[in-house]
file run_15.txt (compact mmCIF, C-alpha atoms)
# COMPACT_ATOMS: atom_id res chain seq x y z
CA GLY A 1 0.00 0.00 0.00
CA ALA A 2 0.86 3.67 -0.14
CA VAL A 3 3.26 5.09 2.40
CA VAL A 4 2.94 8.20 4.53
CA SER A 5 6.10 9.23 6.30
CA GLN A 6 6.16 11.46 9.34
CA HIS A 7 9.25 13.15 10.73
CA PRO A 8 10.48 13.28 13.38
CA SER A 9 9.12 10.23 15.17
CA TRP A 10 9.79 11.87 18.50
CA VAL A 11 10.97 15.26 19.70
CA ILE A 12 11.67 16.89 23.04
CA CYS A 13 11.63 20.66 23.18
CA LYS A 14 11.79 23.40 25.76
CA SER A 15 8.71 25.33 26.74
CA GLY A 16 8.28 28.42 24.60
CA THR A 17 10.00 27.06 21.52
CA SER A 18 8.37 25.96 18.26
CA VAL A 19 8.44 22.51 16.73
CA LYS A 20 7.77 21.51 13.11
CA ILE A 21 6.44 18.11 12.14
CA GLU A 22 6.51 16.94 8.53
CA CYS A 23 4.12 14.60 6.80
CA ARG A 24 4.97 13.25 3.35
CA SER A 25 3.12 10.98 0.98
CA LEU A 26 5.96 9.00 -0.57
CA ASP A 27 4.41 7.40 -3.63
CA PHE A 28 1.17 9.23 -4.26
CA GLN A 29 -0.22 12.73 -4.44
CA ALA A 30 -2.46 14.03 -1.71
CA THR A 31 -4.18 17.36 -2.13
CA THR A 32 -5.70 16.86 1.29
CA MET A 33 -4.02 15.62 4.44
CA PHE A 34 -5.33 15.40 7.97
CA TRP A 35 -3.69 16.11 11.30
CA TYR A 36 -4.76 14.29 14.45
CA ARG A 37 -3.78 14.49 18.07
CA GLN A 38 -3.90 11.49 20.37
CA PHE A 39 -3.73 11.68 24.14
CA PRO A 40 -2.50 8.65 26.11
CA LYS A 41 -4.98 5.79 25.93
CA GLN A 42 -7.48 7.95 24.08
CA SER A 43 -8.82 8.26 20.59
CA LEU A 44 -7.58 10.39 17.74
CA MET A 45 -8.93 13.91 17.71
CA LEU A 46 -9.01 15.55 14.30
CA MET A 47 -7.26 18.89 14.54
CA ALA A 48 -7.39 20.17 11.00
CA THR A 49 -7.66 19.38 7.33
CA SER A 50 -4.64 20.50 5.36
CA ASN A 51 -5.29 21.67 1.79
CA GLU A 52 -2.57 22.12 -0.79
CA GLY A 53 -2.50 25.68 -2.03
CA SER A 54 -5.01 27.05 0.44
CA LYS A 55 -5.61 27.59 4.13
CA ALA A 56 -6.16 24.68 6.44
CA THR A 57 -9.59 24.00 7.85
CA TYR A 58 -9.47 23.74 11.63
CA GLU A 59 -11.84 21.82 13.86
CA GLN A 60 -13.75 23.66 16.52
CA GLY A 61 -11.62 24.43 19.55
CA VAL A 62 -8.27 24.08 17.81
CA GLU A 63 -6.16 27.25 17.87
CA LYS A 64 -5.04 27.97 14.35
CA ASP A 65 -2.38 30.45 15.51
CA LYS A 66 -0.86 27.85 17.77
CA PHE A 67 -0.96 24.94 15.36
CA LEU A 68 0.25 26.31 12.03
CA ILE A 69 -0.34 24.10 9.03
CA ASN A 70 1.34 24.58 5.68
CA HIS A 71 0.60 22.30 2.73
CA ALA A 72 3.57 23.20 0.58
CA SER A 73 3.14 20.66 -2.18
CA LEU A 74 1.04 17.70 -3.24
CA THR A 75 3.23 15.43 -1.14
CA LEU A 76 4.11 17.52 1.92
CA SER A 77 2.20 19.05 4.81
CA THR A 78 3.78 20.50 7.93
CA LEU A 79 2.40 21.14 11.38
CA THR A 80 4.21 23.69 13.52
CA VAL A 81 3.43 23.83 17.21
CA THR A 82 4.27 27.41 18.16
CA SER A 83 5.34 28.52 21.60
CA ALA A 84 4.95 25.00 22.88
CA HIS A 85 3.89 24.33 26.45
CA PRO A 86 3.83 21.11 28.47
CA GLU A 87 0.10 20.70 27.80
CA ASP A 88 0.93 20.42 24.09
CA SER A 89 2.80 17.20 24.79
CA SER A 90 0.99 14.53 22.84
CA PHE A 91 1.15 12.08 19.96
CA TYR A 92 0.51 13.80 16.62
CA ILE A 93 -0.50 11.73 13.61
CA CYS A 94 -1.08 12.71 10.00
CA SER A 95 -2.97 10.86 7.32
CA ALA A 96 -3.52 11.17 3.60
CA ARG A 97 -5.77 9.71 0.98
CA GLU A 98 -4.76 9.42 -2.64
CA ASP A 99 -6.26 12.16 -4.77
CA GLY A 100 -9.52 11.39 -6.50
CA LEU A 101 -10.22 8.27 -4.47
CA MET A 102 -12.55 9.57 -1.80
CA ASN A 103 -13.73 6.30 -0.35
CA THR A 104 -10.49 4.45 -0.26
CA GLU A 105 -8.10 3.79 2.54
CA ALA A 106 -6.53 6.70 4.37
CA PHE A 107 -2.88 6.00 5.09
CA PHE A 108 -1.37 7.11 8.33
CA GLY A 109 2.06 8.27 9.30
CA GLN A 110 3.81 6.53 12.16
CA GLY A 111 3.15 9.48 14.44
CA THR A 112 5.30 12.01 16.27
CA ARG A 113 5.57 11.99 20.02
CA LEU A 114 6.11 15.53 21.25
CA THR A 115 7.31 16.15 24.77
CA VAL A 116 7.55 19.72 25.99
CA VAL A 117 9.68 20.23 29.08
CA GLY B 1 -22.97 15.87 14.02
CA ASN B 2 -21.44 12.62 12.92
CA SER B 3 -20.01 10.43 15.64
CA VAL B 4 -18.85 6.92 16.49
CA THR B 5 -19.44 5.09 19.75
CA GLN B 6 -17.40 2.04 20.72
CA MET B 7 -17.65 -0.30 23.64
CA GLU B 8 -15.29 0.62 26.44
CA GLY B 9 -12.28 -1.50 27.08
CA PRO B 10 -10.10 -3.02 27.97
CA VAL B 11 -11.26 -6.33 26.64
CA THR B 12 -9.27 -9.22 28.03
CA LEU B 13 -9.53 -12.63 26.39
CA SER B 14 -7.76 -15.94 26.37
CA GLU B 15 -6.19 -17.15 23.16
CA GLU B 16 -8.68 -18.77 20.76
CA ALA B 17 -11.65 -17.01 22.36
CA PHE B 18 -14.35 -15.30 20.31
CA LEU B 19 -14.10 -11.54 19.99
CA THR B 20 -16.80 -8.93 19.53
CA ILE B 21 -16.17 -5.20 19.75
CA ASN B 22 -19.34 -3.17 19.35
CA CYS B 23 -19.46 -0.03 17.26
CA THR B 24 -22.44 2.17 16.48
CA TYR B 25 -22.52 5.38 14.55
CA THR B 26 -24.53 8.52 13.94
CA ALA B 27 -24.24 10.05 10.52
CA THR B 28 -26.05 11.94 7.83
CA GLY B 29 -25.93 10.53 4.36
CA TYR B 30 -24.12 7.31 3.60
CA PRO B 31 -20.72 7.18 5.26
CA SER B 32 -18.10 4.54 4.68
CA LEU B 33 -17.15 2.59 7.79
CA PHE B 34 -13.72 1.40 8.87
CA TRP B 35 -11.88 -0.50 11.53
CA TYR B 36 -8.30 0.56 12.22
CA VAL B 37 -5.80 -1.17 14.48
CA GLN B 38 -2.97 0.43 16.42
CA TYR B 39 -0.21 -1.77 17.77
CA PRO B 40 1.86 -0.45 20.68
CA GLY B 41 4.03 2.49 19.69
CA GLU B 42 2.86 2.49 16.09
CA GLY B 43 0.55 4.45 13.84
CA LEU B 44 -2.81 3.23 12.59
CA GLN B 45 -3.33 0.52 10.03
CA LEU B 46 -6.52 -0.16 8.17
CA LEU B 47 -7.97 -3.50 9.23
CA LEU B 48 -11.13 -3.58 7.12
CA LYS B 49 -13.78 -1.38 5.61
CA ALA B 50 -17.30 -1.33 4.15
CA THR B 51 -18.61 1.34 1.86
CA LYS B 52 -22.34 0.61 1.70
CA ALA B 53 -25.14 -1.05 3.63
CA ASP B 54 -24.90 -4.83 4.03
CA ASP B 55 -21.29 -4.89 2.86
CA LYS B 56 -19.04 -7.16 4.91
CA GLY B 57 -15.42 -6.17 5.38
CA SER B 58 -12.95 -8.88 6.29
CA ASN B 59 -9.23 -9.24 6.83
CA LYS B 60 -6.91 -11.48 8.90
CA GLY B 61 -9.88 -13.38 10.29
CA PHE B 62 -11.69 -10.22 11.41
CA GLU B 63 -15.12 -9.35 10.02
CA ALA B 64 -17.61 -6.51 10.30
CA THR B 65 -20.93 -5.95 8.52
CA TYR B 66 -22.35 -2.52 7.70
CA ARG B 67 -25.83 -2.57 9.26
CA LYS B 68 -27.77 0.53 8.28
CA GLU B 69 -30.92 -0.49 10.15
CA THR B 70 -29.08 -0.67 13.46
CA THR B 71 -26.36 1.87 12.51
CA SER B 72 -23.74 -0.62 13.62
CA PHE B 73 -20.43 -2.02 12.43
CA HIS B 74 -19.41 -4.56 15.07
CA LEU B 75 -15.99 -6.19 14.79
CA GLU B 76 -15.76 -9.96 15.23
CA LYS B 77 -13.11 -12.66 15.15
CA GLY B 78 -13.73 -16.30 15.79
CA SER B 79 -10.41 -17.15 17.44
CA VAL B 80 -8.09 -14.44 18.71
CA GLN B 81 -4.34 -14.74 19.05
CA VAL B 82 -1.88 -13.05 21.38
CA SER B 83 -0.63 -11.08 18.39
CA ASP B 84 -4.07 -9.46 18.06
CA SER B 85 -3.44 -7.48 21.24
CA ALA B 86 -3.78 -3.85 20.18
CA VAL B 87 -6.17 -0.91 20.23
CA TYR B 88 -9.01 -1.08 17.72
CA PHE B 89 -10.71 2.03 16.38
CA CYS B 90 -14.01 2.20 14.57
CA ALA B 91 -14.31 5.15 12.19
CA LEU B 92 -16.50 6.70 9.55
CA THR B 93 -15.94 9.20 6.78
CA SER B 94 -17.63 12.53 7.11
CA GLY B 95 -17.96 15.83 5.36
CA GLY B 96 -16.75 17.29 2.12
CA TYR B 97 -13.19 16.09 2.60
CA ASN B 98 -14.29 12.65 3.71
CA LYS B 99 -12.39 13.15 6.93
CA LEU B 100 -12.25 10.23 9.31
CA ILE B 101 -14.11 10.46 12.60
CA PHE B 102 -12.90 7.95 15.16
CA GLY B 103 -14.48 6.21 18.08
CA ALA B 104 -12.70 6.22 21.44
CA GLY B 105 -10.85 3.00 20.72
CA THR B 106 -11.04 -0.36 22.46
CA ARG B 107 -7.94 -1.94 23.91
CA LEU B 108 -7.76 -5.71 23.44
CA ALA B 109 -5.43 -7.86 25.50
CA VAL B 110 -5.14 -11.55 24.60
CA HIS B 111 -3.42 -13.89 27.01
CA PRO B 112 -1.94 -17.31 26.23
call {"tool": "encode", "arguments": {"input": "run_15.txt", "output": "structure tokens"}}
result
Amino acid sequence: GAVVSQHPSWVICKSGTSVKIECRSLDFQATTMFWYRQFPKQSLMLMATSNEGSKATYEQGVEKDKFLINHASLTLSTLTVTSAHPEDSSFYICSAREDGLMNTEAFFGQGTRLTVV
Amino acid sequence: GNSVTQMEGPVTLSEEAFLTINCTYTATGYPSLFWYVQYPGEGLQLLLKATKADDKGSNKGFEATYRKETTSFHLEKGSVQVSDSAVYFCALTSGGYNKLIFGAGTRLAVHP
């Protein structure tokens, strides 16, 4: 199946700094990618829908100025956690579905564990 | 809005036992339904899916049938193995981007 690669797989940063997480579709094009956040032993919460060439669509309650999303190309979306705080520590996961195939499998990255100290 | 409700875990079973994880949904229109599995420390993998009513998805011995009349998509396996220990998520597609909406997840622990 198609591969979605997320980088880094884990990161530790100091409070107040910013962290960028990359999500790449390696062998297919994805106009739309999705960013999720997962708390320990909990489900995935959709944060935003990333759209190539336009602004991301954020879910209710997600701060768009804190979680900056840039969909730079048809194979790359980035999530930047700005001015990170310990409460931002979480597991962040991206997913992508191949363009034009709306009801097919969404492929997930391996996730990024962010720890803010 | 659209939502997914799963049975709470953890579910603890002995090897070769029968597994059922209940999933019900609320949705407008005709969503596609999915089961994803997450092994410890890993991302999600698609286990099976069904795109219309009465479809049965199956994979690796797991099955689930899209029941529109009961808005359910229960996951079943006749004989679980220790290697099936993981967290299972029921999900549906929703909205213009067909974004995935997940249930809370059910942790399965299978003991020898």
call {"tool": "interface_residues", "arguments": {"input": "run_15.txt", "of": "chain B", "to": "chain A", "cutoff": "7 Å", "atoms": "all atoms listed in the file", "output": "list in words"}}
result
Ser32, Glu42, Gly43, Leu44, Asn98, Phe102, Gly103, Ala104 and Gly105 of chain B
call {"tool": "atom_distance", "arguments": {"input": "run_15.txt", "atom1": "CA of Lys68 in chain B", "atom2": "CA of Leu100 in chain B"}}
result
18.3 Å
call {"tool": "closest_residue", "arguments": {"input": "run_15.txt", "among": "A:Leu79, A:Ala2, A:Lys55, A:Phe67", "to": "Cys23 in chain A", "atoms": "all atoms listed in the file"}}
result
A:Leu79
call {"tool": "atom_distance", "arguments": {"input": "run_15.txt", "atom1": "CA of Lys49 in chain B", "atom2": "CA of Leu74 in chain A"}}
result
25.7 Å
call {"tool": "atom_distance", "arguments": {"input": "run_15.txt", "atom1": "CA of Lys20 in chain A", "atom2": "CA of Lys64 in chain A"}}
result
14.4 Å
call {"tool": "closest_residue", "arguments": {"input": "run_15.txt", "among": "A:Gly16, A:Pro40, A:Pro8, A:Gly53", "to": "Thr75 in chain A", "atoms": "only C-alpha atoms"}}
result
A:Gly53
call {"tool": "closest_residue", "arguments": {"input": "run_15.txt", "among": "B:Ala17, B:Ala91, B:Val11, B:Val82", "to": "Pro112 in chain B", "atoms": "all atoms listed in the file"}}
result
B:Val82
call {"tool": "closest_residue", "arguments": {"input": "run_15.txt", "among": "B:Ser72, B:Arg107, B:Phe89, B:Pro31", "to": "Leu48 in chain B", "atoms": "all atoms listed in the file"}}
result
B:Phe89
call {"tool": "closest_residue", "arguments": {"input": "run_15.txt", "among": "A:His7, A:Ser73, A:Met47, A:Ala56", "to": "Val19 in chain A", "atoms": "all atoms listed in the file"}}
result
A:His7
call {"tool": "closest_residue", "arguments": {"input": "run_15.txt", "among": "B:Leu75, B:Leu46, B:Ala86, B:Ala53", "to": "Asn22 in chain B", "atoms": "all atoms listed in the file"}}
result
B:Leu75
call {"tool": "residues_near_point", "arguments": {"input": "run_15.txt", "point": "(-23.3, 0.3, 16.0)", "cutoff": "9 Å", "atoms": "all atoms listed in the file", "output": "compact mmCIF listing (two decimals) with C-alpha atoms, in the frame of the given file"}}
result
# COMPACT_ATOMS: atom_id res chain seq x y z
CA VAL B 4 -18.85 6.92 16.49
CA THR B 5 -19.44 5.09 19.75
CA GLN B 6 -17.40 2.04 20.72
CA ASN B 22 -19.34 -3.17 19.35
CA CYS B 23 -19.46 -0.03 17.26
CA THR B 24 -22.44 2.17 16.48
CA TYR B 25 -22.52 5.38 14.55
CA THR B 26 -24.53 8.52 13.94
CA TYR B 66 -22.35 -2.52 7.70
CA ARG B 67 -25.83 -2.57 9.26
CA LYS B 68 -27.77 0.53 8.28
CA THR B 70 -29.08 -0.67 13.46
CA THR B 71 -26.36 1.87 12.51
CA SER B 72 -23.74 -0.62 13.62
CA PHE B 73 -20.43 -2.02 12.43
CA HIS B 74 -19.41 -4.56 15.07
call {"tool": "residues_around", "arguments": {"input": "run_15.txt", "residues": "Glu15 in chain B", "least_positions_apart": "4", "cutoff": "6 Å", "atoms": "all atoms listed in the file", "output": "list of chain:residue names"}}
result
B:Val80, B:Gln81, B:Val110, B:His111, B:Pro112
